[in-house]
Every structure is written in C-alpha cells, then in structure tokens.
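Notes follow the structure.
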Amino acid sequence: MKHWIKSFCSFAFVVLLVSCHSKTEQLSMLIGHEDHYLQTGSCDFFRGRWVQDDSYPSYNSTSCPFIMKEFDCQKNGRPDTDYLKYRWKPRRCKLPRFNGLDFLRRFKGKRILFVGDSLSLNQWKSLTCMLHVSVPQTNYTLERKGALSTFTLQEYRISVALSRNGFLVDLVKEKMGAVLKLDSINNGNAWRGYDMLIFNTWHWWLHTERKQPWDYIQQGDRIHKDMDRLVAFKEGLTTWSNGKDWNSSKSTTCHEETKPLRSSTYPKGSPPAVAVVKSVLKKISTHVTLLDMTTLSQLRKDGHPSIYGFGGKRGNDCSHWCLPGVPDTWNQLLYATLITPRNSKNN
C-alpha cells in the first residue's frame, strides 16, 4: 500500500462521532461527503435493521482471554444467548463482514488511538479481540502506562491504543477545584504521531451531583458553577473541531431485555446531542466523516450487561455493552468505512 493515513479517524457512539480526515495523500478508501455523512453510492450503512444470524459471534472469552470482567456477560452468568446472534443489515446494500487479517495487512505498521470514556474502552476491547482471533498464533503485548493502554501485534507492527478522556477538552485541577475548560485542549498534544484517531465523548457531560467530575466550568474568562450541558458540550466539541493538528442513551430498564427492537427507527428519536454534533461538523473546515452509530445502538436494548456486568446483581449497567456484542458492529462499520471506495461524485 503506497499511502498511509496522514490524519485521523474518530468515532462517536450513541451520541458522538467518527470523523475521518486527511491531507491530499489520503488513502483512496477513506470516504468523504460534502454534508459530512457517510454514504457510498445509494447506500447509507447506518440506516437499516438488526437481523438474526447464527454465524455470530466471531469470538468469546475463551478465544479472546483479555475481555474485561465487566463486559463478559456470559462468564458473569447471563443465561440467554440470542443477543449474540444479530448482525446489522443496511437497507440497500451489503455491509462487508469484518476481516481482521485484511485489516492488519492494510494497516501494517500503523498506530491507532481511541480517545474517549469507558465506551471507548468498550470499543477498543472489541477491536483488540476481533484482531486477536483473526491471527490467534501471533504474539501480542497488552500494557498500560497511566491513562494509556496499548495492544500491539508485533508481527504486523500495529498498535491499537486507548487514552481515557471523557471530555476531549481539558479537565484541570486548580486551587478552587476541578475545572472543565471548554476552550482548552492541551491534552490533545498526546494524540500527535498516531495514524488514526477514534474519538468518543458525551456520556460524562450528563453526570450531576456526586458523579459530576468537575467543580466549575470555565468558558473563556467566565467561571460557572454549572451551565446548560448541551451548550457546554457544543462549545467543547467546537474546541475539539478546531484542533486541526492532532454516548450514550441512558436507560434503567435494560434488565431482562433479550431481543433488539425490530424497527429501523427508535421510537423516541435521537438524543439532542446528535443535533449538536451535526451542527458543529457542518462548520468544520477539515475533512470529517460522521459515522452515525446512534440509532443502530439505541435499537439494541438487549445488548447491555445489566446485572451481568460490574457490580453484579447490585448494579444495573445499561450504559456499556456486552462483549462479544454491539461494539463489534461499530468496528465492522469502521472497517467498512475504510475499505469502501470513495464515491466519485464526492471527490
């Protein structure tokens, strides 16, 4: 392969984005669209429905021994297995099945970084499992240094890393307390040098009271004790979008859900933050592609750990996802984005 990813791909889950942009020498397989939505010909990968497919899942905790306990629903005692046997089917085209060996060959020697919260952790773990089971005899390393975790397959000289960062903009400890700085993104210096960046944010912007990680929000020279979360989110995301050099639907009712919604649309529509993301991306000057995972994830109320995740029966995790599970489809869509030829009308 002559070209390499000069810039980044970013991902937004139930409420954020995957943005892909690069300079002139970008891979011919990266997809762009003038209104920032990923489409290939007449096909929109992100409009469709879930269909049963007994050929799934592609791995389990035996074939992928580093699935984290909080995501390993089967090992934690979940009695049903139907939720494992669904695939995403776009309306007008066939979604390419994830091919881990092809992924490794295409991106041999590259450095990939996920940046985001625990939902990024969910997707990162999924991708490392999908790659590992594709080449199970290949040596790998898995290490953590501070907030950075890195999975490396030495034979392919490829690394897939995770940097935990819930807001993308800076959260700084000062004398007054923890300050969320909406117009500062100094932490983005750590993202330099990677060939692909996959971003996720939104989940932590919703937390209040004891779960709120900041004491104050700084907006320019103004300090706020709190402010409208959508306004803050839009300003923080705008700061991120200006960094040219470098989800979550909350539910408390996922317990005992065993089937996805049969519809192709979510009854209550998309979360308000989706509109914020799209409005920011329309103004961004660099090449950005939105991978809109929102609806397809909302339809999978059966895919959460609920009482079969962290905390067991004392908890009810309806934010994260079982592995194997829905995050595997996010990675399948990421893969499809990278291998699908650019539509000539968008060049």
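Here's how to read the names in the structure tokens: chain A, B, ... by the order shown, residue numbers from 1 in each chain, ligand numbers from 1 in the order shown.
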Contacts of Lys225 of chain A within 9 Å, only C-alpha atoms, excl. fewer than 6 positions in-chain, as a ChimeraX atom specification: /A:215-218
For His132 of chain A, please output as a list in words all residues within 10 Å (counting only C-alpha atoms; exclusion window: fewer than 4 positions along the same chain). Tyr59, Ser63, Cys64, Pro65, Phe66, Gly100, Leu101, Ser126, Leu127, Thr128, Pro136, Gln137, Thr138, Asn139, Tyr140, Phe151, Thr152 and Leu153 of chain A
Residues from last step as file, all heavy atoms, as a short mmCIF file (atom, residue, chain, number, x, y, z; two decimals), in the first residue's frame:
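Result saved to part31.cif:
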```cif
data_model
loop_
_atom_site.label_atom_id
_atom_site.label_comp_id
_atom_site.auth_asym_id
_atom_site.auth_seq_id
_atom_site.Cartn_x
_atom_site.Cartn_y
_atom_site.Cartn_z
N TYR A 59 -16.14 -14.41 18.32
CA TYR A 59 -15.19 -14.75 19.39
C TYR A 59 -15.95 -14.88 20.71
O TYR A 59 -17.14 -14.54 20.81
CB TYR A 59 -14.10 -13.67 19.51
CG TYR A 59 -14.60 -12.31 19.95
CD1 TYR A 59 -14.67 -11.97 21.30
CD2 TYR A 59 -14.99 -11.35 19.01
CE1 TYR A 59 -15.15 -10.73 21.70
CE2 TYR A 59 -15.45 -10.11 19.41
CZ TYR A 59 -15.53 -9.80 20.76
OH TYR A 59 -16.00 -8.58 21.16
N SER A 63 -11.59 -17.63 23.28
CA SER A 63 -10.72 -17.26 22.16
C SER A 63 -10.11 -15.88 22.35
O SER A 63 -9.09 -15.56 21.75
CB SER A 63 -11.49 -17.31 20.84
OG SER A 63 -12.63 -16.46 20.87
N CYS A 64 -10.74 -15.04 23.19
CA CYS A 64 -10.17 -13.73 23.50
C CYS A 64 -10.07 -13.61 25.01
O CYS A 64 -11.01 -13.14 25.68
CB CYS A 64 -11.03 -12.61 22.92
SG CYS A 64 -10.30 -10.97 23.21
N PRO A 65 -8.96 -14.02 25.60
CA PRO A 65 -8.84 -14.12 27.05
C PRO A 65 -8.75 -12.79 27.78
O PRO A 65 -8.79 -12.78 29.02
CB PRO A 65 -7.53 -14.91 27.23
CG PRO A 65 -6.74 -14.62 26.00
CD PRO A 65 -7.74 -14.48 24.90
N PHE A 66 -8.64 -11.66 27.05
CA PHE A 66 -8.50 -10.39 27.76
C PHE A 66 -9.77 -9.53 27.74
O PHE A 66 -9.72 -8.32 27.94
CB PHE A 66 -7.30 -9.58 27.24
CG PHE A 66 -7.13 -9.60 25.75
CD1 PHE A 66 -7.86 -8.77 24.92
CD2 PHE A 66 -6.21 -10.46 25.16
CE1 PHE A 66 -7.69 -8.77 23.56
CE2 PHE A 66 -6.02 -10.47 23.79
CZ PHE A 66 -6.77 -9.63 22.98
N GLY A 100 -10.33 -9.42 9.94
CA GLY A 100 -9.21 -8.97 10.75
C GLY A 100 -7.87 -9.07 10.07
O GLY A 100 -7.02 -8.19 10.20
N LEU A 101 -7.66 -10.14 9.30
CA LEU A 101 -6.39 -10.32 8.61
C LEU A 101 -6.21 -9.24 7.55
O LEU A 101 -5.12 -8.67 7.40
CB LEU A 101 -6.32 -11.71 7.97
CG LEU A 101 -5.00 -12.09 7.31
CD1 LEU A 101 -3.84 -11.99 8.30
CD2 LEU A 101 -5.09 -13.50 6.71
N SER A 126 -13.24 -4.52 22.07
CA SER A 126 -13.86 -5.26 20.98
C SER A 126 -12.90 -5.42 19.81
O SER A 126 -12.70 -6.52 19.29
CB SER A 126 -15.13 -4.54 20.52
OG SER A 126 -15.55 -4.99 19.25
N LEU A 127 -12.27 -4.31 19.38
CA LEU A 127 -11.38 -4.37 18.23
C LEU A 127 -10.16 -5.24 18.52
O LEU A 127 -9.72 -6.01 17.66
CB LEU A 127 -10.94 -2.97 17.81
CG LEU A 127 -10.05 -2.89 16.57
CD1 LEU A 127 -10.72 -3.53 15.36
CD2 LEU A 127 -9.66 -1.44 16.26
N THR A 128 -9.59 -5.14 19.72
CA THR A 128 -8.44 -5.98 20.03
C THR A 128 -8.80 -7.46 19.99
O THR A 128 -8.02 -8.28 19.52
CB THR A 128 -7.84 -5.62 21.40
OG1 THR A 128 -8.82 -5.79 22.44
CG2 THR A 128 -7.32 -4.19 21.42
N PRO A 136 -4.67 -15.85 15.85
CA PRO A 136 -4.51 -16.30 17.23
C PRO A 136 -3.11 -16.79 17.59
O PRO A 136 -2.75 -16.82 18.78
CB PRO A 136 -5.54 -17.43 17.35
CG PRO A 136 -5.76 -17.91 15.94
CD PRO A 136 -5.63 -16.67 15.10
N GLN A 137 -2.32 -17.17 16.60
CA GLN A 137 -0.98 -17.67 16.88
C GLN A 137 0.08 -16.56 16.92
O GLN A 137 1.24 -16.81 17.25
CB GLN A 137 -0.57 -18.70 15.81
CG GLN A 137 -1.55 -19.85 15.66
CD GLN A 137 -1.78 -20.60 16.97
OE1 GLN A 137 -0.85 -20.86 17.72
NE2 GLN A 137 -3.04 -20.93 17.24
N THR A 138 -0.35 -15.34 16.60
CA THR A 138 0.58 -14.22 16.57
C THR A 138 0.80 -13.67 17.98
O THR A 138 -0.16 -13.47 18.72
CB THR A 138 0.06 -13.11 15.65
OG1 THR A 138 -0.07 -13.63 14.32
CG2 THR A 138 1.00 -11.91 15.63
N ASN A 139 2.04 -13.42 18.34
CA ASN A 139 2.34 -12.86 19.65
C ASN A 139 1.79 -11.44 19.77
O ASN A 139 1.81 -10.66 18.81
CB ASN A 139 3.85 -12.83 19.88
CG ASN A 139 4.44 -14.22 20.03
OD1 ASN A 139 3.76 -15.14 20.48
ND2 ASN A 139 5.69 -14.38 19.63
N TYR A 140 1.33 -11.12 20.97
CA TYR A 140 0.82 -9.78 21.23
C TYR A 140 1.31 -9.32 22.60
O TYR A 140 1.71 -10.11 23.46
CB TYR A 140 -0.71 -9.75 21.19
CG TYR A 140 -1.38 -10.49 22.33
CD1 TYR A 140 -1.64 -9.86 23.55
CD2 TYR A 140 -1.77 -11.83 22.20
CE1 TYR A 140 -2.25 -10.54 24.60
CE2 TYR A 140 -2.38 -12.52 23.22
CZ TYR A 140 -2.62 -11.86 24.43
OH TYR A 140 -3.22 -12.54 25.47
N PHE A 151 -2.38 -2.22 22.93
CA PHE A 151 -2.36 -3.60 22.43
C PHE A 151 -1.53 -3.60 21.15
O PHE A 151 -1.77 -2.81 20.24
CB PHE A 151 -3.79 -4.06 22.13
CG PHE A 151 -3.89 -5.39 21.43
CD1 PHE A 151 -3.81 -6.58 22.14
CD2 PHE A 151 -4.09 -5.46 20.05
CE1 PHE A 151 -3.92 -7.81 21.50
CE2 PHE A 151 -4.20 -6.68 19.40
CZ PHE A 151 -4.11 -7.85 20.13
N THR A 152 -0.52 -4.47 21.10
CA THR A 152 0.40 -4.50 19.95
C THR A 152 0.52 -5.91 19.40
O THR A 152 0.69 -6.87 20.15
CB THR A 152 1.80 -3.99 20.36
OG1 THR A 152 1.68 -2.67 20.92
CG2 THR A 152 2.72 -3.93 19.15
N LEU A 153 0.44 -6.02 18.08
CA LEU A 153 0.73 -7.27 17.38
C LEU A 153 2.06 -7.07 16.67
O LEU A 153 2.14 -6.37 15.65
CB LEU A 153 -0.38 -7.60 16.39
CG LEU A 153 -1.70 -8.07 17.00
CD1 LEU A 153 -2.82 -8.05 15.97
CD2 LEU A 153 -1.57 -9.46 17.59
#
```
Determine, counting only C-alpha atoms, which protein, DNA and RNA residues have an atom within 12 Å of an atom of Val172 of chain A; residues of the same chain fewer than 2 positions away are not included. Present the result as number ranges by chain. A: 167, 169-170, 174-182, 184-187, 213-218
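Interatomic distance, atom CA of Lys108 of chain A against atom CA of Asn331 of chain A: 17.3 Å.
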Distance of atom CA of Cys322 of chain A from atom CA of Lys301 of chain A, expressed in Å to one decimal place: 11.1 Å
Just list as a ChimeraX atom specification whatever in segment 72-308 of chain A DSSP marks as strand (DSSP E). /A:86-90,111-116,140-145,148-153,158-164,170-174,177-181,196-199,216-219,222-224
